[in-house]
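What follows is a set of notes on a single structure, which appears directly below.
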Amino acid sequence: MSQQFTPNNPLPQEAKVPPKMAVFPPEVEAEIERHLAKYPVKRSAILPLMFIVQRERGGYLDPPGVAYLADRLGVRITDIWEVATFYSMINTEPVGRYHFQICRTLSCKILGAGKITEQCTKRLGIKPGETNDDGTFSLSEVECLGSCGTAPMMQIGFDYYENLTTEKVDELIEKCKSGELSNGVR
Amino acid sequence: MAELIKVIINGQDFQVEKGARLIDACRENGYSIASFCYYADLALQASCRMCLVRIEKMPKLQTSCTITCTDGMVVTTESEEIEKARRGMVEFLLANHPLDCPVCDRGGECELQEMVFDWGDLEERFTERKNYAPEKFLSPVVANDSQRCILCKRCTRVCDEWMGEDAIEAGGRGAHTVIGTYGGWLNCSQCGNCIEVCPTGTLLDATYRHQTRPWELSRTTSTCSFCSDGCQLSVGSRRGEVMRVVARDRYVNGHNGEFLCIKGRFAHPFVNHEERLRTPLVRYKKGGRLVPTTWEEAVRFAAQKLQEVKDAHGGSAIGVVGSPRLTNESNWALLRFARDVLGTDKYTASEAFSLAPFFENLSAPLATHKDIRHAKTIVLIGGEPEELQPLTGKQVRQAVRNGGAKLVIFNSVPIRLKEQAAQFVHIRPGSEDAVVLALASPGDAEVAASKLGVEADEIGKASQIISETAGDVVLMFGGELSAEAQSVVAQLPAAFGEKEGRRFLLHPLPLFNNSVGVHDLGLMNGALNPLEILDAAGSEVRALYVAGGFLPAHLEGREGALSRLDFLAVQELFLTETAEAADVIFPAASFAETDGTFTNSDGLVQRVRQSIPPVHQSKPDWAITSQLASALGTDLGFQMSSSNIFLDIAHGVPAYEGLRYPLLKDESKPVQVKHALAGRRDVTAQLAELRRALESLDENAEKITETPPVGHELFKLGVLTSKVPQFHLLAAGNPEPESVLVSPLYQITLDPGLRREAAAGD
């Protein structure tokens, strides 16, 4: 035989158990019901439900949250994964309290989105795609957010901050650090 | 015959069927059209844009895979404009492709590679940095190199539509889309069909990875040796070693298409496993040691011992046990040996359940897998095809999803196919017989329903679906049915009566590759069944000649039976429980080393072809039997040729009359045996028996409410599958390794306690 079973790194393993499902308080369940009622096909409510679950599960879709969505919408876990990874506003990894999403598509790019990102990196000490150690800030570059007229711009949570300059970025970061600024999660 | 319409392709008139897809119409008429994402009988994708054609009066070029032919359509498939578009598309597809063909396992049989040779330009204009991702494992058997992907999404569609699992999907977006799964570790039935349909080297067989190149392999078309679906496959071997098994349509075109399950595709390493028996072994004294010996000595000793028993107790004191895993030829040789050499009627096969009552009362033809795909109503009583007969499971799923068939399931377990069912009747465990009674005699339906634990009208509804069907009705049943219930199922079509446009087809779900074959040959019609033979060991049966082993289910509770025999001769691949008790063991050749035929559950007789020489000193089972017969002074007349045995079968078995090896040559046109159809039989006796059995059913039995996990039967460790290390990981629940960059085999040591129980039918 060409392939031998030669384990060289013993590692006790438990048989894989499916992730536990998240449980939500009644008022959240009611909100979810309201969204589900809007659509003739259950799975159409996938995006609104993702936003709710993300908000309730600490800013990202954790495995119990994904398991809940799959069960609630009658789809498979991979379907949730497929949709969640498509949209930049759905997070599949934990993010910081303030999530800076800087637009890097054409208009913003031409008007200096690169400089804005650089400034954020310098001030926050994290590269795009990273979260800082105390979990306050996350930085990411995203595709067009549809606000080309006010480029360069970025999004923190759901809030837009437009016509950015490096000074404005500094100001925003200070406000975040002092907790004045809303993190834009609704 | 469907209505014909006229389509003009490249200036020539063609008659095509109404509703035909344009790409198919062009290809059938000899115009090759390049494509990646188009795959017959799957949902349309139109993402590769290679199949562009010009259709008159339509703006822009059109994707021919999404266009349905209409009357008078004027199509151009070759022009400068189309070639330019096609070359442009290839350039786009290669924008992120690493072009690492020299180290890619798919190199040499890659659709993308061929397409680039045909339509690619020598130079690339893209100078941007390509996406990079390391090669990784998605499971113990599936490897993934996402940078080679061209996003045709064949794999995701196959996973969803064939397997109903949706385990693999495309995540991310734009140029960063990757094929993968949530959490990065596949928890599916590991069929590997995503690997098979992949036109590039993105999804790879992890067991075959970096071992050979495709052009080094010699390929043999053969039949799978696991379940009763009889999938056609191509065995790739190199220097006497089976390297891989595929069903790719460039090599083989069986009734399974490119479908195989985990066992067919990945369980082949048992063929060259180091534990295969190497030489004949003889135990000269009871309680002694098995010692290696020569063939001459082993055969001489076995013949001498059998002769002694025959002289002392008569030929009928010797039992002969065939196996539904062996070829028709090997089983026929055993049957001839029992009848002509020993003169015994104590022959049987180590089969899990006998289909004899079913075939005796057979009143409708057997459904082929193609029939199942195009059936209008499918009734499944018991059984779990998606685990035990995966191809049947896939055909049923496609019949429902792509063909609009209605599926009615009667099962005590909420099996996964339930998702597709128009009606799922959840019955109590062990009450499958009562379903048959209720369907056959509506008068008993009400009583049966209360015993089954279902609403009274559920059975009526199911009957209504069957009687209202216009088209084919396929009745399938699993091994749970009793002999009486089998007879009644075989006569069920009569109970529903004749109706214009409706045709009944029957489909048993036996467990083994040649279950139907051993029945056809008459090996199951001996005086005793395997259990009775074991019970008679030491009294009526003094000696046994066994090809293949008894099933663990047979030996359970009868552990001492084999040691009570005066003499036991066994021919086997491995030192199994049966072989360990033997006085003489002959090393037998596996399916990859013999020629022969298997008869699948459709009644299709399909060729098994030798792909490698027998390993070590093993010999085909029929060769051993005829050698033993010669030593006992009878020439069975096979002249060491399996085609001679098949000729003998064709003369001796009415259903196989007229069949010859040359007629079975083309695997794409399989031949169905002609099972004799019984007319309408009186089954009142059987119905009465079923009624009696109904009385004793427990009305308060608990129902099984949990759907069993994927792979609970597929991953079980049998004699053969336990020889494959990957199966041990899967049987232990497919633990996720610390790093997916290295095979989990090198990272995980299994606690033997995690292994599940041995396979039921292995």
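Simple scheme: letters A, B, ... for chains in structure tokens order, numbers from 1 for residues in each chain, numbers from 1 for ligands in the order shown.
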
Gly129 (chain A) surroundings by only C-alpha atoms, 8 Å radius, close-in-sequence under 3 positions cut, as JSON, numbers by chain: {"A": [138, 139, 140, 141]}

Go ahead and write the residues just picked, all heavy atoms, as an mmCIF file, in the first residue's frame.
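The resulting file, again.cif, is shown below:
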```
data_model
loop_
_atom_site.group_PDB
_atom_site.id
_atom_site.type_symbol
_atom_site.label_atom_id
_atom_site.label_comp_id
_atom_site.auth_asym_id
_atom_site.auth_seq_id
_atom_site.Cartn_x
_atom_site.Cartn_y
_atom_site.Cartn_z
ATOM 1 N N SER A 138 -11.825 48.111 14.755
ATOM 2 C CA SER A 138 -11.519 47.211 13.644
ATOM 3 C C SER A 138 -11.404 48.077 12.410
ATOM 4 O O SER A 138 -12.072 49.108 12.302
ATOM 5 C CB SER A 138 -12.624 46.188 13.422
ATOM 6 O OG SER A 138 -12.600 45.237 14.423
ATOM 7 N N LEU A 139 -10.564 47.664 11.485
ATOM 8 C CA LEU A 139 -10.384 48.433 10.267
ATOM 9 C C LEU A 139 -10.577 47.509 9.086
ATOM 10 O O LEU A 139 -10.057 46.388 9.077
ATOM 11 C CB LEU A 139 -8.962 49.015 10.269
ATOM 12 C CG LEU A 139 -8.584 49.923 9.095
ATOM 13 C CD1 LEU A 139 -9.462 51.149 9.079
ATOM 14 C CD2 LEU A 139 -7.105 50.322 9.219
ATOM 15 N N SER A 140 -11.387 47.933 8.102
ATOM 16 C CA SER A 140 -11.445 47.124 6.881
ATOM 17 C C SER A 140 -11.671 48.018 5.676
ATOM 18 O O SER A 140 -12.174 49.139 5.798
ATOM 19 C CB SER A 140 -12.525 46.044 6.989
ATOM 20 O OG SER A 140 -13.704 46.549 7.515
ATOM 21 N N GLU A 141 -11.243 47.506 4.535
ATOM 22 C CA GLU A 141 -11.486 48.207 3.279
ATOM 23 C C GLU A 141 -12.642 47.509 2.590
ATOM 24 O O GLU A 141 -12.628 46.290 2.456
ATOM 25 C CB GLU A 141 -10.240 48.136 2.395
ATOM 26 C CG GLU A 141 -9.108 49.009 2.889
ATOM 27 C CD GLU A 141 -7.923 48.988 1.940
ATOM 28 O OE1 GLU A 141 -7.456 47.885 1.598
ATOM 29 O OE2 GLU A 141 -7.491 50.065 1.543
#
```

Would you write out, as CSV, a table of all residues in region 138-240 of chain B that have an atom no more than 12 Å from an atom of region 87-100 of chain A, listing for each the closest atom pair and the distance in Å to one decimal, considering only C-alpha atoms and ordering rows by chain and rising residue number?
```
residue,atom,partner,partner_atom,distance
B:Gly171,CA,A:Tyr87,CA,10.0
B:Gly172,CA,A:Tyr87,CA,7.8
B:Arg173,CA,A:Tyr87,CA,8.0
B:Gly174,CA,A:Tyr87,CA,11.0
B:Thr177,CA,A:Tyr87,CA,11.7
B:Tyr182,CA,A:Thr92,CA,10.0
B:Gly183,CA,A:Thr92,CA,10.2
```

Please, which residues of chain B lie no more than 10 Å from chain A when the count uses only C-alpha atoms, and can they be set out as a VMD selection string? chain B and resid 165 to 174 176 to 183 187 207 to 208 211 241 to 243 269 to 275 723 to 726 728 to 738 744 to 751 754 to 755

Env of Glu167 (chain A): 12 Å cut, atoms = only C-alpha atoms, seq-sep filter 3 positions within chain, self excluded. Answer as a ChimeraX atom specification. /A:115-116,119-120,123,163-164,170-174

What would the file look like if the residues just selected were written as an mmCIF file, in the first residue's frame with C-alpha atoms?
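Generated file (out-v5.cif):
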```cif
data_model
loop_
_atom_site.group_PDB
_atom_site.id
_atom_site.type_symbol
_atom_site.label_atom_id
_atom_site.label_comp_id
_atom_site.auth_asym_id
_atom_site.auth_seq_id
_atom_site.Cartn_x
_atom_site.Cartn_y
_atom_site.Cartn_z
ATOM 1 C CA LYS A 115 -4.314 58.166 2.585
ATOM 2 C CA ILE A 116 -7.315 57.758 4.875
ATOM 3 C CA GLN A 119 -3.867 57.500 8.606
ATOM 4 C CA CYS A 120 -6.152 54.994 10.364
ATOM 5 C CA ARG A 123 -3.297 56.122 14.522
ATOM 6 C CA ASN A 163 -15.536 64.153 2.618
ATOM 7 C CA LEU A 164 -12.829 62.763 4.847
ATOM 8 C CA ASP A 170 -7.931 62.046 13.779
ATOM 9 C CA GLU A 171 -10.905 63.891 15.198
ATOM 10 C CA LEU A 172 -13.172 60.852 14.718
ATOM 11 C CA ILE A 173 -10.705 58.535 16.393
ATOM 12 C CA GLU A 174 -10.432 60.898 19.376
#
```

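Minimum atom-to-atom distance to Ala448 (chain B), evaluated using only C-alpha atoms, belongs to B:Leu697 out of B:Ala490, B:Leu697, B:Ala589, B:Val473.
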
Atom pair CA of Ala678 (chain B) / CA of Arg607 (chain B): separation (Å): 28.0 Å

For region 623-634 of chain B: contacts at 8 Å, only C-alpha atoms, fewer than 2 positions along chain excluded, given as a short mmCIF file (atom, residue, chain, number, x, y, z; two decimals) with all heavy atoms, in the first residue's frame:
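Final file, selection05.cif:
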```cif
data_model
loop_
_atom_site.label_atom_id
_atom_site.label_comp_id
_atom_site.auth_asym_id
_atom_site.auth_seq_id
_atom_site.Cartn_x
_atom_site.Cartn_y
_atom_site.Cartn_z
N VAL B 299 -4.49 -27.57 -2.03
CA VAL B 299 -5.60 -28.16 -2.77
C VAL B 299 -5.64 -29.67 -2.49
O VAL B 299 -6.72 -30.24 -2.29
CB VAL B 299 -5.46 -27.88 -4.29
CG1 VAL B 299 -6.44 -28.70 -5.09
CG2 VAL B 299 -5.65 -26.40 -4.56
N ARG B 300 -4.47 -30.29 -2.46
CA ARG B 300 -4.42 -31.74 -2.19
C ARG B 300 -5.03 -32.02 -0.81
O ARG B 300 -5.88 -32.90 -0.67
CB ARG B 300 -2.97 -32.22 -2.21
CG ARG B 300 -2.81 -33.72 -2.00
CD ARG B 300 -1.41 -34.10 -1.52
NE ARG B 300 -1.06 -33.56 -0.20
CZ ARG B 300 -1.48 -34.06 0.97
NH1 ARG B 300 -2.26 -35.11 1.00
NH2 ARG B 300 -1.12 -33.50 2.11
N ALA B 302 -7.10 -30.14 1.01
CA ALA B 302 -8.54 -29.85 1.06
C ALA B 302 -9.32 -30.96 0.37
O ALA B 302 -10.35 -31.43 0.88
CB ALA B 302 -8.82 -28.50 0.39
N ALA B 303 -8.81 -31.41 -0.80
CA ALA B 303 -9.52 -32.46 -1.54
C ALA B 303 -9.56 -33.74 -0.73
O ALA B 303 -10.60 -34.41 -0.65
CB ALA B 303 -8.83 -32.69 -2.89
N GLN B 304 -8.44 -34.05 -0.10
CA GLN B 304 -8.37 -35.28 0.71
C GLN B 304 -9.37 -35.23 1.86
O GLN B 304 -10.12 -36.18 2.10
CB GLN B 304 -6.93 -35.43 1.23
CG GLN B 304 -6.71 -36.63 2.13
CD GLN B 304 -5.45 -36.47 2.97
OE1 GLN B 304 -4.51 -35.80 2.56
NE2 GLN B 304 -5.44 -37.06 4.15
N GLN B 307 -12.92 -35.44 0.63
CA GLN B 307 -13.19 -36.82 0.21
C GLN B 307 -13.46 -37.71 1.43
O GLN B 307 -14.38 -38.53 1.41
CB GLN B 307 -11.99 -37.35 -0.60
CG GLN B 307 -12.26 -38.68 -1.32
CD GLN B 307 -13.33 -38.54 -2.41
OE1 GLN B 307 -13.27 -37.60 -3.19
NE2 GLN B 307 -14.29 -39.45 -2.43
N SER B 330 -17.95 -16.94 -10.18
CA SER B 330 -17.45 -17.64 -9.01
C SER B 330 -18.56 -18.38 -8.29
O SER B 330 -18.38 -19.50 -7.82
CB SER B 330 -16.78 -16.66 -8.06
OG SER B 330 -15.67 -16.08 -8.68
N ALA B 333 -19.56 -21.45 -10.28
CA ALA B 333 -18.58 -22.53 -10.08
C ALA B 333 -18.86 -23.25 -8.77
O ALA B 333 -18.80 -24.49 -8.71
CB ALA B 333 -17.17 -21.95 -10.10
N LEU B 334 -19.20 -22.48 -7.72
CA LEU B 334 -19.50 -23.09 -6.43
C LEU B 334 -20.75 -23.96 -6.51
O LEU B 334 -20.81 -25.05 -5.95
CB LEU B 334 -19.70 -22.01 -5.37
CG LEU B 334 -18.44 -21.32 -4.89
CD1 LEU B 334 -18.80 -20.06 -4.13
CD2 LEU B 334 -17.64 -22.25 -4.00
N PHE B 337 -19.96 -27.03 -8.28
CA PHE B 337 -19.15 -27.85 -7.39
C PHE B 337 -20.05 -28.61 -6.42
O PHE B 337 -19.89 -29.82 -6.21
CB PHE B 337 -18.17 -26.94 -6.62
CG PHE B 337 -17.19 -27.67 -5.76
CD1 PHE B 337 -16.04 -28.21 -6.32
CD2 PHE B 337 -17.40 -27.82 -4.39
CE1 PHE B 337 -15.12 -28.89 -5.52
CE2 PHE B 337 -16.49 -28.49 -3.60
CZ PHE B 337 -15.35 -29.03 -4.16
N ASP B 340 -22.38 -31.06 -8.81
CA ASP B 340 -21.75 -32.08 -9.64
C ASP B 340 -20.63 -32.82 -8.96
O ASP B 340 -20.37 -33.98 -9.25
CB ASP B 340 -21.23 -31.46 -10.94
CG ASP B 340 -22.34 -30.79 -11.72
OD1 ASP B 340 -23.51 -31.00 -11.33
OD2 ASP B 340 -22.05 -30.08 -12.69
N VAL B 341 -19.90 -32.14 -8.06
CA VAL B 341 -18.74 -32.79 -7.44
C VAL B 341 -19.14 -33.45 -6.13
O VAL B 341 -18.82 -34.61 -5.88
CB VAL B 341 -17.60 -31.78 -7.21
CG1 VAL B 341 -16.40 -32.46 -6.58
CG2 VAL B 341 -17.23 -31.11 -8.53
N PHE B 586 -7.64 -20.43 1.18
CA PHE B 586 -7.10 -20.10 -0.14
C PHE B 586 -7.15 -18.59 -0.31
O PHE B 586 -8.20 -17.98 -0.09
CB PHE B 586 -7.96 -20.73 -1.25
CG PHE B 586 -8.03 -22.22 -1.18
CD1 PHE B 586 -9.24 -22.85 -0.90
CD2 PHE B 586 -6.91 -23.00 -1.42
CE1 PHE B 586 -9.31 -24.24 -0.84
CE2 PHE B 586 -6.99 -24.38 -1.37
CZ PHE B 586 -8.20 -25.01 -1.08
N ALA B 588 -7.92 -15.46 -2.15
CA ALA B 588 -8.75 -15.19 -3.32
C ALA B 588 -8.40 -13.84 -3.91
O ALA B 588 -7.84 -12.98 -3.25
CB ALA B 588 -10.22 -15.24 -2.94
N LYS B 619 -5.79 -16.26 -6.35
CA LYS B 619 -6.39 -16.71 -7.61
C LYS B 619 -7.86 -16.32 -7.59
O LYS B 619 -8.46 -16.22 -6.52
CB LYS B 619 -6.29 -18.22 -7.72
CG LYS B 619 -4.90 -18.73 -8.01
CD LYS B 619 -4.93 -20.21 -8.26
CE LYS B 619 -3.53 -20.75 -8.50
NZ LYS B 619 -3.53 -22.16 -8.83
N PRO B 620 -8.48 -16.16 -8.76
CA PRO B 620 -9.92 -15.90 -8.79
C PRO B 620 -10.67 -17.05 -8.11
O PRO B 620 -10.24 -18.20 -8.19
CB PRO B 620 -10.24 -15.85 -10.28
CG PRO B 620 -8.95 -15.59 -10.95
CD PRO B 620 -7.89 -16.17 -10.10
N ASP B 621 -11.81 -16.70 -7.50
CA ASP B 621 -12.55 -17.72 -6.75
C ASP B 621 -12.95 -18.91 -7.60
O ASP B 621 -12.87 -20.05 -7.18
CB ASP B 621 -13.80 -17.08 -6.13
CG ASP B 621 -13.44 -16.18 -4.97
OD1 ASP B 621 -13.15 -14.99 -5.21
OD2 ASP B 621 -13.41 -16.67 -3.84
N LEU B 636 -14.86 -29.51 -14.23
CA LEU B 636 -16.08 -28.71 -14.41
C LEU B 636 -16.17 -28.14 -15.83
O LEU B 636 -17.17 -27.57 -16.21
CB LEU B 636 -16.14 -27.58 -13.38
CG LEU B 636 -16.37 -28.02 -11.92
CD1 LEU B 636 -16.31 -26.81 -11.00
CD2 LEU B 636 -17.70 -28.73 -11.76
N PHE B 638 -14.45 -25.67 -17.31
CA PHE B 638 -14.35 -24.22 -17.51
C PHE B 638 -13.11 -23.83 -18.30
O PHE B 638 -13.01 -22.71 -18.78
CB PHE B 638 -14.34 -23.50 -16.16
CG PHE B 638 -15.57 -23.72 -15.34
CD1 PHE B 638 -15.53 -23.69 -13.96
CD2 PHE B 638 -16.80 -23.95 -15.95
CE1 PHE B 638 -16.67 -23.88 -13.20
CE2 PHE B 638 -17.95 -24.13 -15.20
CZ PHE B 638 -17.88 -24.11 -13.82
N MET B 640 -10.32 -22.85 -17.46
CA MET B 640 -9.67 -21.66 -16.90
C MET B 640 -10.09 -20.36 -17.60
O MET B 640 -9.29 -19.46 -17.79
CB MET B 640 -8.15 -21.79 -16.97
CG MET B 640 -7.58 -22.82 -16.01
SD MET B 640 -8.18 -22.59 -14.34
CE MET B 640 -7.10 -21.29 -13.80
#
```

Find the residue from B:Glu540, B:Glu689, B:Glu532, B:Glu109 that sits nearest to Arg558 (chain B); use only C-alpha atoms when measuring. B:Glu532

Which residues come within 10 Å of Gly314 (chain B), counting only C-alpha atoms, excluding same-chain residues fewer than 5 positions away, as a PyMOL selection string? chain B and resi 307-309+342-344+542

Keeping only N, CA, C and O atoms, write those residues as an mmCIF file, in the first residue's frame.
```cif
data_model
loop_
_atom_site.group_PDB
_atom_site.id
_atom_site.type_symbol
_atom_site.label_atom_id
_atom_site.label_comp_id
_atom_site.auth_asym_id
_atom_site.auth_seq_id
_atom_site.Cartn_x
_atom_site.Cartn_y
_atom_site.Cartn_z
ATOM 1 N N GLN B 307 -12.916 -35.443 0.626
ATOM 2 C CA GLN B 307 -13.187 -36.820 0.205
ATOM 3 C C GLN B 307 -13.460 -37.711 1.426
ATOM 4 O O GLN B 307 -14.381 -38.525 1.412
ATOM 5 N N GLU B 308 -12.658 -37.476 2.482
ATOM 6 C CA GLU B 308 -12.846 -38.264 3.707
ATOM 7 C C GLU B 308 -14.251 -38.070 4.269
ATOM 8 O O GLU B 308 -14.934 -39.029 4.612
ATOM 9 N N VAL B 309 -14.683 -36.795 4.342
ATOM 10 C CA VAL B 309 -16.018 -36.505 4.878
ATOM 11 C C VAL B 309 -17.079 -37.124 3.975
ATOM 12 O O VAL B 309 -18.068 -37.703 4.435
ATOM 13 N N LEU B 342 -19.881 -32.679 -5.293
ATOM 14 C CA LEU B 342 -20.214 -33.215 -3.977
ATOM 15 C C LEU B 342 -21.571 -33.912 -3.958
ATOM 16 O O LEU B 342 -21.803 -34.807 -3.157
ATOM 17 N N GLY B 343 -22.477 -33.475 -4.835
ATOM 18 C CA GLY B 343 -23.830 -34.020 -4.812
ATOM 19 C C GLY B 343 -24.579 -33.623 -3.551
ATOM 20 O O GLY B 343 -25.283 -34.415 -2.943
ATOM 21 N N THR B 344 -24.396 -32.350 -3.142
ATOM 22 C CA THR B 344 -25.087 -31.886 -1.924
ATOM 23 C C THR B 344 -26.134 -30.840 -2.278
ATOM 24 O O THR B 344 -26.009 -30.132 -3.271
ATOM 25 N N ARG B 542 -21.035 -31.664 8.211
ATOM 26 C CA ARG B 542 -19.757 -32.046 8.825
ATOM 27 C C ARG B 542 -18.604 -31.198 8.294
ATOM 28 O O ARG B 542 -17.590 -31.031 8.951
#
```

Please report the interatomic distance between CA of Ala495 (chain B) and CA of Ser441 (chain B) in Å with one decimal. 7.6 Å

Would you please work out which residue, of A:Arg55, A:Leu73, A:Asp134, A:Leu124, is nearest to Phe158 (chain A) when using only C-alpha atoms?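 Ranking A:Arg55, A:Leu73, A:Asp134, A:Leu124 by distance to Phe158 (chain A), first place goes to A:Arg55.
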
Nearest to Asn253 (chain B) among B:Glu699, B:Ala367, B:Ser668, B:Asp118, with distances taken over only C-alpha atoms: which residue is it?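 Using only C-alpha atoms, Asn253 (chain B) sits closest to B:Ser668.
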
Picked from region 32-186 of chain B by DSSP as helix (DSSP H, G or I), as a count of residues only: 46

What does the distance between CA of Leu204 (chain B) and CA of Gln232 (chain B) come to in Å, to one decimal place?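 Between CA of Leu204 (chain B) and CA of Gln232 (chain B) the gap is 20.3 Å.
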
Skip region 72-87 of chain B itself and residues of its chain fewer than 6 positions away, then list as an MDAnalysis selection string all residues within 12 Å of it, counting only C-alpha atoms. chainID B and resid 4:16 18 22:23 25:27 29:36 48:58 60:64 93:94 115:124

Pull C-alpha atoms from the residues just selected and write them as a short mmCIF file (atom, residue, chain, number, x, y, z; two decimals), in the first residue's frame.
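File result-v3.cif, as written:
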```cif
data_model
loop_
_atom_site.label_atom_id
_atom_site.label_comp_id
_atom_site.auth_asym_id
_atom_site.auth_seq_id
_atom_site.Cartn_x
_atom_site.Cartn_y
_atom_site.Cartn_z
CA LEU B 4 -39.88 17.97 -34.03
CA ILE B 5 -38.92 21.50 -34.94
CA LYS B 6 -36.47 22.90 -37.46
CA VAL B 7 -33.28 24.61 -36.38
CA ILE B 8 -30.70 25.98 -38.81
CA ILE B 9 -27.19 25.53 -37.49
CA ASN B 10 -24.36 27.01 -39.56
CA GLY B 11 -26.57 27.07 -42.64
CA GLN B 12 -27.72 23.48 -42.37
CA ASP B 13 -31.25 22.38 -41.47
CA PHE B 14 -31.70 20.01 -38.54
CA GLN B 15 -34.77 18.45 -36.99
CA VAL B 16 -34.56 18.56 -33.20
CA LYS B 18 -39.13 20.53 -29.20
CA LEU B 22 -29.47 24.54 -28.02
CA ILE B 23 -26.05 23.40 -26.78
CA ALA B 25 -28.77 20.17 -30.29
CA CYS B 26 -25.52 21.58 -31.68
CA ARG B 27 -23.37 18.90 -30.07
CA ASN B 29 -25.36 17.30 -34.72
CA GLY B 30 -21.61 17.39 -34.72
CA TYR B 31 -20.80 20.99 -33.83
CA SER B 32 -18.56 21.07 -30.82
CA ILE B 33 -19.29 23.84 -28.38
CA ALA B 34 -16.87 24.63 -25.62
CA SER B 35 -18.29 24.85 -22.09
CA PHE B 36 -17.32 24.47 -18.45
CA CYS B 48 -18.31 30.39 -17.84
CA ARG B 49 -19.62 32.03 -21.00
CA MET B 50 -17.66 29.69 -23.23
CA CYS B 51 -20.69 28.40 -25.13
CA LEU B 52 -21.51 31.71 -26.81
CA VAL B 53 -23.24 31.49 -30.19
CA ARG B 54 -24.82 34.01 -32.54
CA ILE B 55 -28.55 33.64 -32.95
CA GLU B 56 -30.24 35.66 -35.66
CA LYS B 57 -32.55 38.43 -34.44
CA MET B 58 -31.09 38.31 -30.94
CA LYS B 60 -25.34 40.14 -28.62
CA LEU B 61 -23.95 36.64 -28.43
CA GLN B 62 -26.06 34.18 -26.46
CA THR B 63 -25.08 31.39 -24.08
CA SER B 64 -26.30 28.29 -25.88
CA LEU B 93 -10.63 32.53 -16.66
CA LEU B 94 -6.87 32.46 -16.47
CA MET B 115 -9.59 24.51 -23.37
CA VAL B 116 -6.47 26.63 -23.03
CA PHE B 117 -4.71 24.49 -25.60
CA ASP B 118 -7.69 24.98 -27.92
CA TRP B 119 -8.62 28.60 -27.30
CA GLY B 120 -5.94 30.20 -25.18
CA ASP B 121 -3.45 32.74 -26.41
CA LEU B 122 0.24 32.41 -25.86
CA GLU B 123 0.52 35.58 -23.89
CA GLU B 124 -1.43 36.92 -20.99
#
```

List every residue of region 64-150 of chain A that DSSP, applied to the backbone of this structure, assigns to strand (DSSP E or B), and report them as a list of chain:residue names.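 The strand (DSSP E or B) subset of region 64-150 of chain A is A:Tyr98, A:His99, A:Phe100, A:Gln101, A:Ile102, A:Cys103, A:Glu130, A:Thr131, A:Phe137, A:Ser138, A:Leu139, A:Ser140, A:Glu141, A:Val142.
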
Fewer than 5 positions away in the same chain doesn't count, so skip those; otherwise give me all residues within 10 Å of region 708-721 of chain B, counting only C-alpha atoms, as a PyMOL selection string. chain B and resi 165+187-191+226+261-263+266-271+273+384+386-390+413-416+549+551-552+573-577+726-734+755-762

Distance criterion (only C-alpha atoms): nearest to Ala470 (chain B) out of B:Leu452, B:Asp602, B:Thr377, B:Val584: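 Smallest distance to Ala470 (chain B) is found for B:Thr377.
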
Taking only C-alpha atoms into account, which of B:Arg401, B:Pro614, B:Asp249, B:Ala317 comes nearest Gly538 (chain B)?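 Of B:Arg401, B:Pro614, B:Asp249, B:Ala317, the one nearest Gly538 (chain B), counting only C-alpha atoms, is B:Ala317.
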